[in-house]
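S.K.: So here's final-v2.tsv, just TSV, C-alpha atoms:
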```
chain	number	residue	atom	x	y	z
D	1	MET	CA	190.81	151.85	54.90
D	2	LYS	CA	187.31	153.26	55.26
D	3	THR	CA	186.67	155.72	58.09
D	4	PHE	CA	184.39	153.43	60.12
D	5	GLU	CA	185.82	150.05	59.12
D	6	GLY	CA	185.11	147.58	61.93
D	7	LYS	CA	182.99	150.04	63.90
D	8	VAL	CA	179.47	149.34	65.16
D	9	VAL	CA	176.95	152.15	64.78
D	10	LEU	CA	173.37	152.50	66.01
D	11	VAL	CA	170.93	154.85	64.24
D	12	THR	CA	167.49	155.54	65.67
D	13	GLY	CA	164.80	156.63	63.26
D	14	GLY	CA	166.85	154.97	60.56
D	15	SER	CA	163.95	153.96	58.33
D	16	SER	CA	163.62	157.23	56.40
D	17	GLY	CA	164.86	160.78	55.90
D	18	ILE	CA	167.99	161.89	57.70
D	19	GLY	CA	168.26	158.61	59.65
D	20	ARG	CA	168.17	156.55	56.48
D	21	ALA	CA	170.73	158.77	54.76
D	22	THR	CA	173.02	158.55	57.77
D	23	ALA	CA	172.72	154.77	58.06
D	24	LEU	CA	173.65	154.43	54.39
D	25	ALA	CA	176.57	156.84	54.77
D	26	PHE	CA	177.97	154.98	57.77
D	27	ALA	CA	177.67	151.68	55.91
D	28	ALA	CA	179.45	153.14	52.88
D	29	GLU	CA	182.33	153.99	55.21
D	30	GLY	CA	182.59	150.43	56.49
D	31	ALA	CA	180.42	150.50	59.62
D	32	ARG	CA	178.13	147.71	60.74
D	33	VAL	CA	174.82	149.47	61.26
D	34	ALA	CA	171.93	148.71	63.60
D	35	ILE	CA	168.77	150.46	62.43
D	36	ALA	CA	166.22	151.15	65.14
D	37	ALA	CA	162.77	152.37	64.15
D	38	ARG	CA	159.09	151.57	64.49
D	39	ARG	CA	158.36	150.75	60.84
D	40	PRO	CA	159.63	147.31	59.80
D	41	GLY	CA	158.93	147.57	56.08
D	42	GLU	CA	160.94	150.73	55.43
D	43	SER	CA	163.68	149.67	57.85
D	44	GLU	CA	164.17	146.28	56.22
D	45	GLU	CA	164.48	148.06	52.87
D	46	VAL	CA	167.39	150.09	54.25
D	47	VAL	CA	168.98	146.91	55.61
D	48	LYS	CA	168.52	145.25	52.22
D	49	GLN	CA	170.18	148.17	50.46
D	50	ILE	CA	173.18	148.10	52.79
D	51	VAL	CA	173.61	144.34	52.52
D	52	GLY	CA	173.21	144.54	48.75
D	53	GLN	CA	176.16	146.91	48.64
D	54	GLY	CA	178.32	144.53	50.63
D	55	GLY	CA	177.73	145.98	54.09
D	56	GLU	CA	176.36	144.61	57.35
D	57	ALA	CA	173.13	145.82	58.94
D	58	PHE	CA	170.14	144.62	60.90
D	59	PHE	CA	166.84	146.07	62.08
D	60	VAL	CA	165.65	146.18	65.67
D	61	GLN	CA	162.07	147.37	66.02
D	62	THR	CA	162.03	150.07	68.67
D	63	ASP	CA	159.72	152.67	70.11
D	64	ILE	CA	162.20	155.04	71.75
D	65	THR	CA	159.61	156.23	74.26
D	66	GLN	CA	159.61	152.76	75.86
D	67	PRO	CA	162.55	152.12	78.24
D	68	ALA	CA	162.51	148.33	77.86
D	69	GLN	CA	162.58	148.61	74.07
D	70	VAL	CA	165.46	151.09	74.14
D	71	GLU	CA	167.45	148.84	76.47
D	72	ARG	CA	166.77	145.91	74.13
D	73	MET	CA	167.82	148.03	71.14
D	74	VAL	CA	171.26	148.62	72.60
D	75	GLN	CA	171.67	145.12	73.99
D	76	SER	CA	170.67	143.54	70.67
D	77	THR	CA	173.36	145.56	68.92
D	78	VAL	CA	176.03	144.54	71.42
D	79	ASP	CA	174.88	140.91	71.35
D	80	ARG	CA	175.13	140.82	67.57
D	81	TRP	CA	178.50	142.51	67.08
D	82	GLY	CA	180.11	142.55	70.51
D	83	ARG	CA	180.35	146.30	70.95
D	84	LEU	CA	178.95	149.74	70.24
D	85	ASP	CA	181.16	152.54	68.96
D	86	CYS	CA	178.84	155.30	67.76
D	87	ALA	CA	175.19	156.26	67.96
D	88	PHE	CA	173.02	158.75	66.15
D	89	ASN	CA	169.92	159.49	68.21
D	90	ASN	CA	167.83	160.82	65.37
D	91	ALA	CA	164.25	159.63	65.88
D	92	GLY	CA	161.80	162.46	66.36
D	93	ILE	CA	158.47	164.01	65.43
D	94	ILE	CA	157.27	167.55	64.77
D	95	GLY	CA	153.90	167.45	66.53
D	96	THR	CA	151.52	170.21	65.47
D	97	PRO	CA	153.51	173.14	64.06
D	98	PHE	CA	152.05	176.63	63.69
D	99	VAL	CA	149.55	176.04	66.53
D	100	PRO	CA	149.60	178.80	69.20
D	101	THR	CA	150.33	177.80	72.77
D	102	PRO	CA	146.82	178.27	74.23
D	103	ALA	CA	145.45	175.93	71.56
D	104	TYR	CA	148.28	173.39	71.80
D	105	GLY	CA	147.04	169.97	72.91
D	106	LEU	CA	148.39	168.42	76.11
D	107	GLU	CA	148.43	164.98	74.52
D	108	THR	CA	150.50	166.30	71.61
D	109	TRP	CA	152.87	168.02	74.06
D	110	ASP	CA	153.39	164.75	75.94
D	111	THR	CA	153.96	162.81	72.71
D	112	VAL	CA	156.49	165.28	71.29
D	113	ILE	CA	158.43	165.63	74.54
D	114	GLY	CA	158.29	161.86	75.07
D	115	THR	CA	159.71	161.14	71.62
D	116	ASN	CA	162.13	163.99	71.00
D	117	LEU	CA	163.52	164.51	74.48
D	118	THR	CA	162.75	161.50	76.66
D	119	GLY	CA	163.66	159.28	73.70
D	120	VAL	CA	167.11	160.90	73.55
D	121	PHE	CA	167.53	160.56	77.31
D	122	LEU	CA	166.62	156.87	77.22
D	123	SER	CA	168.98	156.29	74.30
D	124	LEU	CA	171.84	157.98	76.16
D	125	LYS	CA	170.99	156.07	79.34
D	126	TYR	CA	171.64	152.72	77.66
D	127	GLU	CA	174.17	153.70	74.99
D	128	LEU	CA	176.68	155.38	77.28
D	129	PRO	CA	177.45	152.26	79.38
D	130	ALA	CA	177.80	150.23	76.17
D	131	LEU	CA	180.27	152.73	74.69
D	132	LEU	CA	182.14	152.87	77.98
D	133	ALA	CA	182.45	149.08	78.07
D	134	GLY	CA	184.02	149.16	74.61
D	135	GLY	CA	186.57	151.81	75.48
D	136	GLY	CA	184.73	154.92	74.31
D	137	GLY	CA	183.14	156.33	71.21
D	138	ALA	CA	180.89	159.13	70.01
D	139	ILE	CA	177.21	160.01	70.13
D	140	VAL	CA	175.34	162.57	68.06
D	141	ASN	CA	171.87	163.72	69.10
D	142	MET	CA	169.32	165.24	66.74
D	143	SER	CA	168.33	168.72	67.77
D	144	SER	CA	167.32	171.50	65.34
D	145	VAL	CA	167.75	175.20	64.73
D	146	ALA	CA	164.52	175.20	66.75
D	147	GLY	CA	166.74	174.19	69.67
D	148	GLN	CA	168.63	177.46	69.37
D	149	ILE	CA	165.85	179.92	68.56
D	150	GLY	CA	162.17	180.27	69.34
D	151	GLY	CA	159.24	180.69	67.03
D	152	PRO	CA	155.51	181.31	66.99
D	153	GLY	CA	153.50	178.10	67.28
D	154	GLY	CA	154.64	174.53	67.90
D	155	ILE	CA	155.85	175.06	71.47
D	156	ALA	CA	156.57	171.39	72.22
D	157	TYR	CA	158.96	171.02	69.29
D	158	TYR	CA	160.97	174.07	70.36
D	159	ALA	CA	161.01	172.94	73.98
D	160	SER	CA	162.08	169.40	73.12
D	161	LYS	CA	164.89	170.49	70.81
D	162	HIS	CA	166.22	173.01	73.34
D	163	GLY	CA	166.14	170.18	75.85
D	164	VAL	CA	168.19	167.92	73.57
D	165	ILE	CA	170.98	170.50	73.52
D	166	GLY	CA	170.93	170.67	77.32
D	167	ALA	CA	171.05	166.88	77.58
D	168	THR	CA	173.89	166.78	75.06
D	169	LYS	CA	175.99	169.23	77.06
D	170	ALA	CA	175.31	167.42	80.33
D	171	ALA	CA	176.30	164.02	78.94
D	172	ALA	CA	179.34	165.49	77.16
D	173	LEU	CA	180.70	166.97	80.38
D	174	GLU	CA	179.92	163.84	82.38
D	175	PHE	CA	181.88	161.61	80.00
D	176	ALA	CA	184.52	164.02	78.68
D	177	THR	CA	187.35	162.27	80.52
D	178	LYS	CA	186.03	158.79	79.77
D	179	GLY	CA	186.67	158.64	76.03
D	180	ILE	CA	183.13	159.46	74.94
D	181	ARG	CA	182.20	162.57	72.96
D	182	VAL	CA	178.59	163.75	72.75
D	183	ASN	CA	177.42	166.40	70.28
D	184	ALA	CA	174.20	167.53	68.64
D	185	VAL	CA	173.31	168.56	65.11
D	186	CYS	CA	170.85	171.38	64.49
D	187	PRO	CA	169.46	171.28	60.96
D	188	ALA	CA	167.23	173.94	59.50
D	189	VAL	CA	164.64	172.68	57.01
D	190	ILE	CA	165.84	169.52	55.28
D	191	ARG	CA	164.05	168.01	52.31
D	192	THR	CA	162.36	165.01	53.94
D	193	GLU	CA	158.83	163.63	54.29
D	194	MET	CA	158.36	165.93	57.28
D	195	ALA	CA	159.23	169.04	55.26
D	196	ASP	CA	157.16	167.89	52.29
D	197	ALA	CA	154.07	168.02	54.51
D	198	PHE	CA	154.27	171.79	54.97
D	199	PRO	CA	151.56	173.77	53.15
D	200	PRO	CA	152.97	175.62	50.10
D	201	GLU	CA	152.67	179.07	51.68
D	202	ARG	CA	154.49	177.90	54.82
D	203	ALA	CA	157.17	176.21	52.74
D	204	ALA	CA	157.76	179.44	50.81
D	205	ALA	CA	158.15	181.44	54.01
D	206	LEU	CA	160.55	178.87	55.44
D	207	LEU	CA	162.60	178.82	52.25
D	208	ALA	CA	162.96	182.60	52.41
D	209	ALA	CA	164.54	182.23	55.87
D	210	HIS	CA	167.47	180.27	54.41
D	211	PRO	CA	170.06	182.74	53.04
D	212	ILE	CA	171.68	180.04	50.93
D	213	GLY	CA	168.46	179.94	48.89
D	214	ARG	CA	167.43	176.30	49.29
D	215	PHE	CA	166.53	173.67	51.83
D	216	GLY	CA	169.17	171.21	52.99
D	217	GLU	CA	169.57	167.62	51.88
D	218	ALA	CA	169.50	164.62	54.20
D	219	GLU	CA	172.92	163.58	52.94
D	220	GLU	CA	174.38	166.91	54.08
D	221	VAL	CA	173.25	166.23	57.63
D	222	ALA	CA	174.53	162.67	57.37
D	223	GLN	CA	178.02	163.82	56.44
D	224	THR	CA	178.10	166.17	59.43
D	225	VAL	CA	177.09	163.31	61.74
D	226	LEU	CA	179.86	161.14	60.30
D	227	PHE	CA	182.38	163.93	60.83
D	228	LEU	CA	181.35	164.36	64.47
D	229	CYS	CA	181.67	160.62	65.05
D	230	SER	CA	185.06	160.40	63.37
D	231	ALA	CA	188.58	160.91	64.70
D	232	LYS	CA	188.66	164.18	62.76
D	233	ALA	CA	186.37	165.62	65.44
D	234	SER	CA	188.37	164.24	68.37
D	235	PHE	CA	188.51	167.63	70.15
D	236	ILE	CA	184.81	168.45	69.68
D	237	THR	CA	182.30	167.62	72.39
D	238	GLY	CA	179.28	169.27	73.96
D	239	GLN	CA	178.55	171.25	70.80
D	240	ALA	CA	175.32	171.98	68.92
D	241	MET	CA	176.36	172.26	65.29
D	242	ALA	CA	174.03	174.16	62.99
D	243	ILE	CA	173.42	172.82	59.47
D	244	ASP	CA	171.21	175.66	58.39
D	245	GLY	CA	172.14	177.37	55.15
D	246	GLY	CA	172.92	180.55	57.08
D	247	LEU	CA	169.57	180.79	58.90
D	248	LEU	CA	171.09	181.47	62.30
D	249	ALA	CA	173.57	184.01	60.89
D	250	ARG	CA	170.84	186.61	60.33
```
Output the file's structure in the form of structure tokens.

M.R.:
Amino acid sequence: MKTFEGKVVLVTGGSSGIGRATALAFAAEGARVAIAARRPGESEEVVKQIVGQGGEAFFVQTDITQPAQVERMVQSTVDRWGRLDCAFNNAGIIGTPFVPTPAYGLETWDTVIGTNLTGVFLSLKYELPALLAGGGGAIVNMSSVAGQIGGPGGIAYYASKHGVIGATKAAALEFATKGIRVNAVCPAVIRTEMADAFPPERAAALLAAHPIGRFGEAEEVAQTVLFLCSAKASFITGQAMAIDGGLLAR
């Protein structure tokens, strides 16, 4: 029997990168997957791939900064399959990296915090009651190594990812006795569209910060998310798990 056979999983930001890899990995392990994202074209391609491999998936267009859309995202999943067992709150943006704080735009700050932190809060707000109604489950939030360390430039990203870890711990403690586990993953640089946008000189400096000598792969993050959502992680909650090639060990 596959690990997530019969389970219902929700992935935000599931149209590309780590979200896409995680949606595909859940489906390969038998889960029915709801993919929430803003981009219909890319999202429907992921759905098509899952269905083509014999799985079940559907797309619900969602802007996670909008409460009504997030509520609809969760309700649509429950309406379709009768329950929600796991969620990966992955959707996020980087904002303007390498920009010093005095020059950082207020509008960019609001957008990054609204997406990366408020979006996670809204997802938790509506996912937790759905998991509770089904008898429990697991949630993984997307943080970053930037949620555990600081750095010069890009203040909103660091602030938002630190905030995700705080929200994760709060929710984990609140629901620890109610059958729901809440954890966060903290990747270093992962080879995605976001990382590909770094200028070559910045990419070289970032690569040098990874003792393992390479950037991570989206599939490596996906497998960690699946582990944290599985029964194998039944005694793990409130944690921020680094997937960083040794970056934080320095």

S.K.: Within 8 Å of (171.9, 164.6, 53.9), only C-alpha atoms: residues as a PyMOL selection string?

M.R.: chain D and resi 18+21-22+190+216-223

S.K.: Could you build a table of the residues in segment 172-210 of chain D lying no more than 10 Å from segment 126-149 of chain D, giving for each the nearest pair of atoms and their separation in Å rounded to one decimal place, using all atoms listed in the file, ordered by chain and ascending residue number, as JSON lines?

M.R.:
```
{"residue": "D:Ala172", "atom": "CA", "partner": "D:Ile139", "partner_atom": "CA", "distance": 9.2}
{"residue": "D:Phe175", "atom": "CA", "partner": "D:Leu128", "partner_atom": "CA", "distance": 8.6}
{"residue": "D:Thr177", "atom": "CA", "partner": "D:Gly136", "partner_atom": "CA", "distance": 10.0}
{"residue": "D:Lys178", "atom": "CA", "partner": "D:Gly136", "partner_atom": "CA", "distance": 6.8}
{"residue": "D:Gly179", "atom": "CA", "partner": "D:Gly136", "partner_atom": "CA", "distance": 4.5}
{"residue": "D:Ile180", "atom": "CA", "partner": "D:Gly136", "partner_atom": "CA", "distance": 4.9}
{"residue": "D:Arg181", "atom": "CA", "partner": "D:Ala138", "partner_atom": "CA", "distance": 4.7}
{"residue": "D:Val182", "atom": "CA", "partner": "D:Ile139", "partner_atom": "CA", "distance": 4.8}
{"residue": "D:Asn183", "atom": "CA", "partner": "D:Val140", "partner_atom": "CA", "distance": 4.9}
{"residue": "D:Ala184", "atom": "CA", "partner": "D:Asn141", "partner_atom": "CA", "distance": 4.5}
{"residue": "D:Val185", "atom": "CA", "partner": "D:Met142", "partner_atom": "CA", "distance": 5.4}
{"residue": "D:Cys186", "atom": "CA", "partner": "D:Ser144", "partner_atom": "CA", "distance": 3.6}
{"residue": "D:Pro187", "atom": "CA", "partner": "D:Ser144", "partner_atom": "CA", "distance": 4.9}
{"residue": "D:Ala188", "atom": "CA", "partner": "D:Val145", "partner_atom": "CA", "distance": 5.4}
{"residue": "D:Val189", "atom": "CA", "partner": "D:Val145", "partner_atom": "CA", "distance": 8.7}
```

S.K.: Which residue gives the smallest distance to Leu84 of chain D among D:Arg214, D:His162, D:Arg32, D:Lys2, with all atoms listed in the file counted?

M.R.: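 Of the candidates, the smallest distance to Leu84 of chain D is held by D:Arg32.
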
S.K.: Find, counting only C-alpha atoms, the residue in D:Leu247, D:Ala167, D:Val46, D:Ile113 that gets nearest to Gly17 of chain D.

M.R.: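 The shortest atom-to-atom distance to Gly17 of chain D comes from D:Val46.
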
S.K.: For atom CA of Val60 of chain D and atom CA of Gly41 of chain D, quote the distance in Å rounded to one decimal.

M.R.: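 Between these atoms lies a distance of 11.8 Å.
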
S.K.: Considering all atoms listed in the file, give me a table of residues in segment 32-125 of chain D that are at most 7 Å from segment 154-161 of chain D, with the closest atom pair and distance in Å for each, as JSON lines.

M.R.:
```
{"residue": "D:Ile94", "atom": "CA", "partner": "D:Tyr157", "partner_atom": "CA", "distance": 5.9}
{"residue": "D:Gly95", "atom": "CA", "partner": "D:Tyr157", "partner_atom": "CA", "distance": 6.8}
{"residue": "D:Thr96", "atom": "CA", "partner": "D:Gly154", "partner_atom": "CA", "distance": 5.9}
{"residue": "D:Pro97", "atom": "CA", "partner": "D:Gly154", "partner_atom": "CA", "distance": 4.2}
{"residue": "D:Phe98", "atom": "CA", "partner": "D:Gly154", "partner_atom": "CA", "distance": 5.4}
{"residue": "D:Val99", "atom": "CA", "partner": "D:Gly154", "partner_atom": "CA", "distance": 5.5}
{"residue": "D:Pro100", "atom": "CA", "partner": "D:Gly154", "partner_atom": "CA", "distance": 6.7}
{"residue": "D:Thr101", "atom": "CA", "partner": "D:Ile155", "partner_atom": "CA", "distance": 6.3}
{"residue": "D:Trp109", "atom": "CA", "partner": "D:Ala156", "partner_atom": "CA", "distance": 5.3}
{"residue": "D:Val112", "atom": "CA", "partner": "D:Ala156", "partner_atom": "CA", "distance": 6.2}
{"residue": "D:Ile113", "atom": "CA", "partner": "D:Ser160", "partner_atom": "CA", "distance": 5.4}
{"residue": "D:Asn116", "atom": "CA", "partner": "D:Ser160", "partner_atom": "CA", "distance": 5.8}
{"residue": "D:Leu117", "atom": "CA", "partner": "D:Ser160", "partner_atom": "CA", "distance": 5.3}
```

S.K.: By how many Å are atom CA of Ser15 of chain D and atom CA of Pro67 of chain D apart?

M.R.: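 Rounded to one decimal, the two atoms are 20.0 Å apart.
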
S.K.: Could you please determine the separation between atom CA of Gly92 of chain D and atom CA of Gly13 of chain D in Å, to one decimal place?

M.R.: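 Result for atom CA of Gly92 of chain D versus atom CA of Gly13 of chain D: 7.3 Å, one decimal.
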
S.K.: Between D:Pro102, D:Gly238, D:Gly119, D:Gly151, single out the one closest to Val70 of chain D, counting only C-alpha atoms.

M.R.: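 Among D:Pro102, D:Gly238, D:Gly119, D:Gly151, it is D:Gly119 that comes nearest to Val70 of chain D.
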
S.K.: Write out as number ranges by chain each polymer residue whose atoms come within 7 Å of Gly245 of chain D, counting all atoms listed in the file; drop sequence neighbours fewer than 5 positions from it.

M.R.: D: 210-212

S.K.: Hey, which of D:Leu24, D:Ala209, D:Leu228, D:Cys86 ends up closest to Met241 of chain D? Count only C-alpha atoms.

M.R.: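 Among the listed residues, the smallest separation from Met241 of chain D belongs to D:Leu228.
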